[in-house]
$ cat start_33.txt   # compact mmCIF, C-alpha atoms
# COMPACT_ATOMS: atom_id res chain seq x y z
CA MET G 11 -38.60 13.97 7.82
CA THR G 12 -41.24 12.83 5.34
CA GLU G 13 -41.36 9.23 4.13
CA SER G 14 -40.45 10.25 0.57
CA LEU G 15 -37.50 12.29 1.81
CA ALA G 16 -36.22 9.31 3.79
CA ALA G 17 -36.72 7.04 0.76
CA ASP G 18 -34.81 9.44 -1.47
CA TRP G 19 -32.05 9.71 1.13
CA TRP G 20 -31.36 5.97 0.68
CA GLY G 21 -32.12 5.89 -3.05
CA THR G 22 -30.09 3.29 -4.94
CA ALA G 23 -29.92 1.76 -8.39
CA VAL G 24 -28.19 -1.35 -7.06
CA SER G 25 -31.16 -3.15 -5.57
CA ARG G 26 -34.91 -2.96 -4.95
CA ILE G 27 -36.21 -4.81 -1.92
CA GLU G 28 -39.93 -4.96 -1.19
CA PRO G 29 -42.23 -7.63 0.24
CA ASN G 30 -41.75 -10.72 -1.93
CA VAL G 31 -39.47 -8.76 -4.29
CA VAL G 32 -35.68 -8.87 -4.53
CA GLU G 33 -34.31 -7.17 -7.61
CA LEU G 34 -30.61 -6.62 -8.26
CA ARG G 35 -29.79 -3.99 -10.87
CA GLY G 36 -33.38 -4.25 -12.08
CA THR G 37 -33.33 -8.04 -12.48
CA PRO G 38 -35.37 -10.36 -10.22
CA VAL G 39 -32.97 -12.42 -8.15
CA GLN G 40 -34.79 -15.59 -9.16
CA ASP G 41 -33.72 -14.92 -12.75
CA LEU G 42 -30.09 -14.67 -11.65
CA ILE G 43 -29.93 -17.71 -9.40
CA GLY G 44 -28.41 -20.56 -11.36
CA THR G 45 -27.87 -18.48 -14.49
CA ILE G 46 -24.88 -16.30 -13.62
CA GLY G 47 -21.46 -17.08 -12.15
CA PHE G 48 -20.07 -15.28 -9.14
CA GLY G 49 -17.43 -13.38 -11.11
CA SER G 50 -20.07 -12.22 -13.57
CA MET G 51 -22.29 -11.29 -10.63
CA ILE G 52 -19.57 -9.03 -9.25
CA TRP G 53 -19.34 -7.31 -12.63
CA PHE G 54 -23.13 -7.05 -12.85
CA MET G 55 -23.51 -5.51 -9.40
CA LEU G 56 -20.72 -2.98 -9.94
CA ARG G 57 -21.64 -1.96 -13.47
CA GLY G 58 -25.30 -2.78 -13.97
CA GLU G 59 -24.75 -4.96 -17.01
CA ARG G 60 -23.69 -8.51 -17.65
CA PRO G 61 -20.17 -9.06 -18.98
CA LEU G 62 -19.45 -10.88 -22.19
CA PRO G 63 -18.26 -14.45 -21.56
CA GLN G 64 -14.67 -13.49 -22.46
CA GLN G 65 -14.78 -10.51 -20.11
CA ALA G 66 -16.13 -12.66 -17.30
CA ALA G 67 -13.41 -15.27 -17.84
CA LEU G 68 -10.67 -12.64 -17.65
CA LEU G 69 -12.12 -11.12 -14.48
CA GLU G 70 -12.49 -14.56 -12.94
CA ALA G 71 -8.85 -15.38 -13.70
CA ALA G 72 -7.67 -12.25 -11.87
CA LEU G 73 -9.90 -13.01 -8.89
CA VAL G 74 -8.62 -16.59 -8.69
CA ALA G 75 -4.97 -15.52 -8.91
CA GLY G 76 -5.16 -13.23 -5.89
CA VAL G 77 -6.95 -15.59 -3.51
CA ASP G 78 -4.06 -16.48 -1.19
CA HIS G 79 -0.38 -16.00 -0.49
CA GLY G 80 -0.05 -17.92 2.77
CA PRO G 81 0.63 -16.73 6.34
CA HIS G 82 3.55 -14.61 5.12
CA ALA G 83 0.84 -12.17 4.03
CA PRO G 84 -0.27 -10.04 7.01
CA SER G 85 -3.95 -10.42 6.14
CA ILE G 86 -3.73 -14.22 6.29
CA ALA G 87 -1.67 -14.18 9.48
CA VAL G 88 -4.15 -11.84 11.16
CA ALA G 89 -7.06 -14.05 10.10
CA ARG G 90 -5.45 -17.08 11.69
CA MET G 91 -4.50 -15.27 14.90
CA THR G 92 -7.94 -13.71 15.29
CA ALA G 93 -9.65 -17.05 14.74
CA THR G 94 -8.00 -18.36 17.95
CA CYS G 95 -9.19 -15.47 20.11
CA GLY G 96 -12.72 -16.68 20.84
CA VAL G 97 -14.45 -14.71 18.09
CA GLY G 98 -16.42 -15.83 15.07
CA LEU G 99 -15.32 -16.22 11.46
CA ASN G 100 -16.84 -12.86 10.60
CA ASN G 101 -14.54 -11.16 13.14
CA ALA G 102 -11.52 -13.03 11.82
CA MET G 103 -12.35 -12.03 8.26
CA ALA G 104 -13.05 -8.41 9.17
CA SER G 105 -9.80 -8.11 11.12
CA ALA G 106 -7.84 -9.55 8.22
CA ILE G 107 -9.52 -7.41 5.58
CA ASN G 108 -8.81 -4.30 7.64
CA THR G 109 -5.07 -4.91 7.18
CA LEU G 110 -5.40 -4.45 3.41
CA GLY G 111 -4.08 -0.94 3.07
CA ASP G 112 -1.66 0.97 0.87
CA SER G 113 1.33 -1.27 1.62
CA HIS G 114 -0.48 -4.61 1.74
CA GLY G 115 -3.31 -4.76 -0.77
CA GLY G 116 -3.11 -1.34 -2.38
CA ALA G 117 -0.47 -1.91 -5.05
CA GLY G 118 -3.03 -2.92 -7.67
CA GLN G 119 -4.89 0.37 -7.31
CA GLU G 120 -1.66 2.35 -7.44
CA CYS G 121 -0.46 0.39 -10.46
CA VAL G 122 -3.65 1.21 -12.37
CA MET G 123 -3.10 4.88 -11.50
CA MET G 124 0.45 4.72 -12.83
CA LEU G 125 -0.59 2.96 -16.04
CA ASP G 126 -3.38 5.50 -16.53
CA GLU G 127 -0.81 8.30 -16.29
CA ILE G 128 1.33 6.65 -18.95
CA ARG G 129 -1.67 6.19 -21.21
CA ARG G 130 -2.63 9.85 -20.89
CA ARG G 131 0.91 10.92 -21.85
CA GLU G 132 0.83 8.57 -24.82
CA ALA G 133 -2.57 9.90 -25.91
CA ALA G 134 -1.14 13.43 -25.74
CA GLY G 135 1.41 12.49 -28.38
CA HIS G 136 4.37 11.17 -26.41
CA ALA G 137 5.99 7.95 -27.59
CA LEU G 138 5.30 5.10 -25.17
CA PRO G 139 8.93 4.67 -23.98
CA ALA G 140 9.26 8.42 -23.34
CA ALA G 141 5.89 8.60 -21.57
CA THR G 142 6.90 5.65 -19.43
CA ASP G 143 10.24 7.18 -18.45
CA GLN G 144 8.55 10.48 -17.59
CA VAL G 145 5.98 8.85 -15.31
CA ILE G 146 8.55 6.62 -13.61
CA ALA G 147 10.76 9.66 -12.96
CA GLU G 148 7.84 11.57 -11.46
CA TRP G 149 6.87 8.69 -9.19
CA ARG G 150 10.49 8.37 -8.06
CA ALA G 151 10.60 12.11 -7.38
CA ARG G 152 7.60 11.71 -5.08
CA GLY G 153 9.64 9.28 -2.98
CA VAL G 154 8.24 6.02 -4.37
CA ARG G 155 10.99 3.45 -3.89
CA TYR G 156 9.17 0.40 -5.23
CA LEU G 157 6.96 0.95 -8.24
CA PRO G 158 3.59 -0.70 -7.55
CA GLY G 159 3.05 -3.95 -9.41
CA PHE G 160 6.71 -4.79 -10.02
CA GLY G 161 9.17 -6.99 -8.13
CA HIS G 162 8.43 -9.38 -5.29
CA ARG G 163 10.04 -10.05 -1.95
CA PHE G 164 9.65 -13.84 -2.33
CA HIS G 165 9.50 -14.60 -6.02
CA THR G 166 12.22 -13.83 -8.54
CA ARG G 167 9.42 -14.23 -11.09
CA ASP G 168 5.86 -14.31 -9.75
CA PRO G 169 4.32 -17.58 -11.00
CA ARG G 170 0.99 -15.81 -11.51
CA ARG G 171 2.36 -13.23 -13.94
CA ASP G 172 2.77 -15.25 -17.13
CA PRO G 173 -0.59 -17.09 -17.21
CA LEU G 174 -2.49 -13.88 -16.46
CA LEU G 175 -0.70 -11.87 -19.14
CA ALA G 176 -1.14 -14.72 -21.61
CA LEU G 177 -4.89 -14.46 -21.06
CA VAL G 178 -4.72 -10.72 -21.67
CA ASP G 179 -2.82 -11.37 -24.91
CA GLU G 180 -5.59 -13.74 -25.98
CA ALA G 181 -8.24 -11.17 -25.08
CA VAL G 182 -6.42 -8.51 -27.12
CA ALA G 183 -6.20 -10.85 -30.11
CA ALA G 184 -9.93 -11.59 -29.80
CA GLY G 185 -10.81 -7.89 -29.59
CA VAL G 186 -12.18 -8.21 -26.06
CA VAL G 187 -9.79 -5.54 -24.69
CA ASP G 188 -7.60 -3.04 -26.51
CA GLY G 189 -4.30 -3.88 -24.82
CA ALA G 190 -3.25 -0.30 -24.03
CA HIS G 191 -2.72 -0.93 -20.32
CA LEU G 192 -0.86 -4.16 -21.09
CA ARG G 193 1.50 -2.26 -23.38
CA ALA G 194 2.04 0.38 -20.71
CA ALA G 195 2.81 -2.25 -18.06
CA LEU G 196 5.27 -4.03 -20.33
CA ALA G 197 6.91 -0.67 -21.07
CA VAL G 198 7.37 -0.09 -17.33
CA GLU G 199 8.84 -3.57 -16.97
CA ALA G 200 11.24 -2.90 -19.86
CA ALA G 201 12.28 0.45 -18.40
CA LEU G 202 12.94 -1.04 -14.97
CA ASN G 203 15.08 -3.79 -16.44
CA ARG G 204 17.12 -1.60 -18.75
CA ALA G 205 20.81 -2.39 -18.14
CA ARG G 206 20.00 -4.57 -15.11
CA ASP G 207 21.54 -7.99 -14.47
CA LYS G 208 18.84 -8.97 -11.98
CA PRO G 209 15.39 -8.45 -13.54
CA ILE G 210 12.42 -6.85 -11.81
CA PRO G 211 9.41 -8.53 -13.42
CA MET G 212 5.77 -7.63 -13.04
CA ASN G 213 4.07 -9.28 -10.06
CA ILE G 214 0.50 -10.34 -9.26
CA ASP G 215 -0.53 -6.78 -8.42
CA GLY G 216 0.72 -5.55 -11.77
CA ALA G 217 -0.83 -8.39 -13.75
CA THR G 218 -4.23 -8.06 -12.10
CA ALA G 219 -4.02 -4.27 -12.40
CA VAL G 220 -3.60 -4.75 -16.15
CA ILE G 221 -6.68 -6.98 -16.26
CA TYR G 222 -8.89 -4.73 -14.14
CA ALA G 223 -7.84 -1.66 -16.14
CA GLU G 224 -8.25 -3.41 -19.49
CA LEU G 225 -11.77 -4.40 -18.41
CA GLY G 226 -12.60 -0.78 -17.63
CA PHE G 227 -12.57 -0.84 -13.82
CA PRO G 228 -11.31 2.43 -12.28
CA ALA G 229 -8.28 2.35 -10.00
CA PRO G 230 -10.13 2.26 -6.63
CA LEU G 231 -12.03 -0.83 -7.73
CA ALA G 232 -8.73 -2.62 -8.37
CA ARG G 233 -8.28 -2.56 -4.60
CA GLY G 234 -11.90 -3.50 -3.93
CA LEU G 235 -11.70 -6.46 -6.30
CA PHE G 236 -8.45 -7.60 -4.68
CA VAL G 237 -10.18 -7.50 -1.29
CA LEU G 238 -12.96 -9.73 -2.65
CA SER G 239 -10.38 -12.12 -4.07
CA ARG G 240 -8.22 -12.31 -0.94
CA SER G 241 -11.32 -12.79 1.23
CA VAL G 242 -11.53 -16.35 -0.06
CA GLY G 243 -8.07 -17.22 1.23
CA ILE G 244 -8.76 -15.36 4.46
CA LEU G 245 -11.88 -17.45 5.06
CA ALA G 246 -10.09 -20.72 4.25
CA HIS G 247 -7.20 -19.99 6.61
CA ALA G 248 -9.46 -18.76 9.41
CA TRP G 249 -11.61 -21.88 9.11
CA GLU G 250 -8.57 -24.18 9.09
CA GLU G 251 -7.18 -22.46 12.16
CA THR G 252 -10.40 -22.95 14.11
CA GLY G 253 -9.96 -26.71 13.74
CA GLN G 254 -6.39 -26.81 15.06
CA GLY G 255 -7.28 -26.22 18.71
CA ARG G 256 -4.99 -23.31 19.45
CA ARG G 257 -5.97 -20.49 21.79
CA ASN G 258 -4.68 -16.93 21.55
CA LYS G 259 -2.21 -17.70 18.80
CA GLY G 260 0.40 -14.97 18.65
CA PRO G 261 2.55 -13.92 15.70
CA ILE G 262 5.53 -16.02 16.86
CA PRO G 263 5.75 -19.41 18.66
CA PRO G 264 5.77 -19.08 22.49
CA ALA G 265 9.30 -20.51 22.75
CA ILE G 266 10.69 -17.51 20.88
CA ARG G 267 11.14 -14.33 22.91
CA PRO G 268 11.19 -10.99 21.12
CA THR G 269 14.54 -9.22 21.26
CA TYR G 270 14.54 -6.60 23.99
CA LEU G 271 15.74 -3.25 22.68
CA GLY G 272 15.58 -1.18 25.84

$ encode --input "start_33.txt" --output "structure tokens"
Amino acid sequence: MTESLAADWWGTAVSRIEPNVVELRGTPVQDLIGTIGFGSMIWFMLRGERPLPQQAALLEAALVAGVDHGPHAPSIAVARMTATCGVGLNNAMASAINTLGDSHGGAGQECVMMLDEIRRREAAGHALPAATDQVIAEWRARGVRYLPGFGHRFHTRDPRRDPLLALVDEAVAAGVVDGAHLRAALAVEAALNRARDKPIPMNIDGATAVIYAELGFPAPLARGLFVLSRSVGILAHAWEETGQGRRNKGPIPPAIRPTYLG
């Protein structure tokens, strides 16, 4: 293998690293240090351009909202258990992040996919309520019991929903985003609550899915951005657990014996 072939094999537009040179997306790192926030840096690294201040603020709000949901969340519980097993913080974080799959951590990605489907139907000439009903029916026909981004097993109304959607409303009014995904999400919420006594409101996954989609991030990145967000809570819980002196912490207190089903 020639040197140029090897260089081309690892070709990247994300970074250029040479002796005494560190460039990220074509910008010297020394020009970024102290001049760009972390949320804006995430945008910059993924998209190769700096966000507008209003775009950065909206992204940052979504990232902040998803940081933690306590040890009820499997990722947080796994982080705390792993931290007591004689491994480092990196192992605890990696173990926790690896639990973020379709059921725990993937609803944002799936919600963006669903909202994208509704938008495509609307763009094809269907009225928004009809497009919404069609997509919901198709998802139900595929065996989806819980529509991603709606309802919550703990909260009757997710406390993160309203402030996030209020920020999206402000961004729509300011012309920062067009609001199409927000309208689609609200249409799903309205359809789910039609003739229901007990409402099923949008949850954190739905609200952040709206933000990521409105900002132009494709569905898979909704999951990736959630992972970045939740990593902060994972680190905080793992670090706290290391200071509590436990060893080999299991998922239930030692005094409780699992029910034998044999």

$ axis_aligned_box --input "start_33.txt" --around "segment 103-117 of chain G" --padding-each-side "8 Å" --output "AutoDock Vina command-line options"
--center_x -5.9 --center_y -5.5 --center_z 3.0 --size_x 30.4 --size_y 29.0 --size_z 32.2

$ closest_residue --input "start_33.txt" --among "G:Leu235, G:Pro38, G:Leu68, G:Lys259" --to "Asp179 of chain G" --atoms "all atoms listed in the file"
G:Leu68

$ closest_atom_pairs --input "start_33.txt" --of "segment 221-261 of chain G" --to "segment 90-107 of chain G" --cutoff "12 Å" --atoms "all atoms listed in the file" --output "Markdown table"
| residue | atom | partner | partner_atom | distance |
| --- | --- | --- | --- | --- |
| G:Arg233 | CA | G:Ile107 | CA | 11.3 |
| G:Gly234 | CA | G:Ile107 | CA | 10.6 |
| G:Phe236 | CA | G:Ile107 | CA | 10.3 |
| G:Val237 | CA | G:Ile107 | CA | 6.9 |
| G:Leu238 | CA | G:Ile107 | CA | 9.2 |
| G:Ser239 | CA | G:Ile107 | CA | 10.8 |
| G:Arg240 | CA | G:Ile107 | CA | 8.3 |
| G:Ser241 | CA | G:Met103 | CA | 7.1 |
| G:Val242 | CA | G:Met103 | CA | 9.4 |
| G:Gly243 | CA | G:Met103 | CA | 9.7 |
| G:Ile244 | CA | G:Met103 | CA | 6.2 |
| G:Leu245 | CA | G:Met103 | CA | 6.3 |
| G:Ala246 | CA | G:Arg90 | CA | 9.5 |
| G:His247 | CA | G:Arg90 | CA | 6.1 |
| G:Ala248 | CA | G:Arg90 | CA | 4.9 |
| G:Trp249 | CA | G:Leu99 | CA | 7.2 |
| G:Glu250 | CA | G:Arg90 | CA | 8.2 |
| G:Glu251 | CA | G:Arg90 | CA | 5.7 |
| G:Thr252 | CA | G:Ala93 | CA | 6.0 |
| G:Gly253 | CA | G:Thr94 | CA | 9.6 |
| G:Gln254 | CA | G:Thr94 | CA | 9.1 |
| G:Gly255 | CA | G:Thr94 | CA | 7.9 |
| G:Arg256 | CA | G:Thr94 | CA | 6.0 |
| G:Arg257 | CA | G:Thr94 | CA | 4.8 |
| G:Asn258 | CA | G:Cys95 | CA | 5.0 |
| G:Lys259 | CA | G:Met91 | CA | 5.1 |
| G:Gly260 | CA | G:Met91 | CA | 6.2 |
| G:Pro261 | CA | G:Met91 | CA | 7.2 |

$ write_last_selection --input "start_33.txt" --atoms "C-alpha atoms" --output "PDB file, in the frame of the given file"
ATOM      1  CA  ARG G 233      -8.280  -2.560  -4.600  1.00  0.00           C
ATOM      2  CA  GLY G 234     -11.900  -3.500  -3.930  1.00  0.00           C
ATOM      3  CA  PHE G 236      -8.450  -7.600  -4.680  1.00  0.00           C
ATOM      4  CA  VAL G 237     -10.180  -7.500  -1.290  1.00  0.00           C
ATOM      5  CA  LEU G 238     -12.960  -9.730  -2.650  1.00  0.00           C
ATOM      6  CA  SER G 239     -10.380 -12.120  -4.070  1.00  0.00           C
ATOM      7  CA  ARG G 240      -8.220 -12.310  -0.940  1.00  0.00           C
ATOM      8  CA  SER G 241     -11.320 -12.790   1.230  1.00  0.00           C
ATOM      9  CA  VAL G 242     -11.530 -16.350  -0.060  1.00  0.00           C
ATOM     10  CA  GLY G 243      -8.070 -17.220   1.230  1.00  0.00           C
ATOM     11  CA  ILE G 244      -8.760 -15.360   4.460  1.00  0.00           C
ATOM     12  CA  LEU G 245     -11.880 -17.450   5.060  1.00  0.00           C
ATOM     13  CA  ALA G 246     -10.090 -20.720   4.250  1.00  0.00           C
ATOM     14  CA  HIS G 247      -7.200 -19.990   6.610  1.00  0.00           C
ATOM     15  CA  ALA G 248      -9.460 -18.760   9.410  1.00  0.00           C
ATOM     16  CA  TRP G 249     -11.610 -21.880   9.110  1.00  0.00           C
ATOM     17  CA  GLU G 250      -8.570 -24.180   9.090  1.00  0.00           C
ATOM     18  CA  GLU G 251      -7.180 -22.460  12.160  1.00  0.00           C
ATOM     19  CA  THR G 252     -10.400 -22.950  14.110  1.00  0.00           C
ATOM     20  CA  GLY G 253      -9.960 -26.710  13.740  1.00  0.00           C
ATOM     21  CA  GLN G 254      -6.390 -26.810  15.060  1.00  0.00           C
ATOM     22  CA  GLY G 255      -7.280 -26.220  18.710  1.00  0.00           C
ATOM     23  CA  ARG G 256      -4.990 -23.310  19.450  1.00  0.00           C
ATOM     24  CA  ARG G 257      -5.970 -20.490  21.790  1.00  0.00           C
ATOM     25  CA  ASN G 258      -4.680 -16.930  21.550  1.00  0.00           C
ATOM     26  CA  LYS G 259      -2.210 -17.700  18.800  1.00  0.00           C
ATOM     27  CA  GLY G 260       0.400 -14.970  18.650  1.00  0.00           C
ATOM     28  CA  PRO G 261       2.550 -13.920  15.700  1.00  0.00           C
TER      29      PRO G 261
END

$ closest_residue --input "start_33.txt" --among "G:Asp41, G:Glu148, G:Glu224, G:Glu13" --to "Asp126 of chain G" --atoms "only C-alpha atoms"
G:Glu224

$ atom_distance --input "start_33.txt" --atom1 "atom CA of Ala195 of chain G" --atom2 "atom CA of Ser85 of chain G"
26.4 Å

$ closest_residue --input "start_33.txt" --among "G:Gly226, G:Pro211, G:Pro173, G:Gly49" --to "Val187 of chain G" --atoms "all atoms listed in the file"
G:Gly226
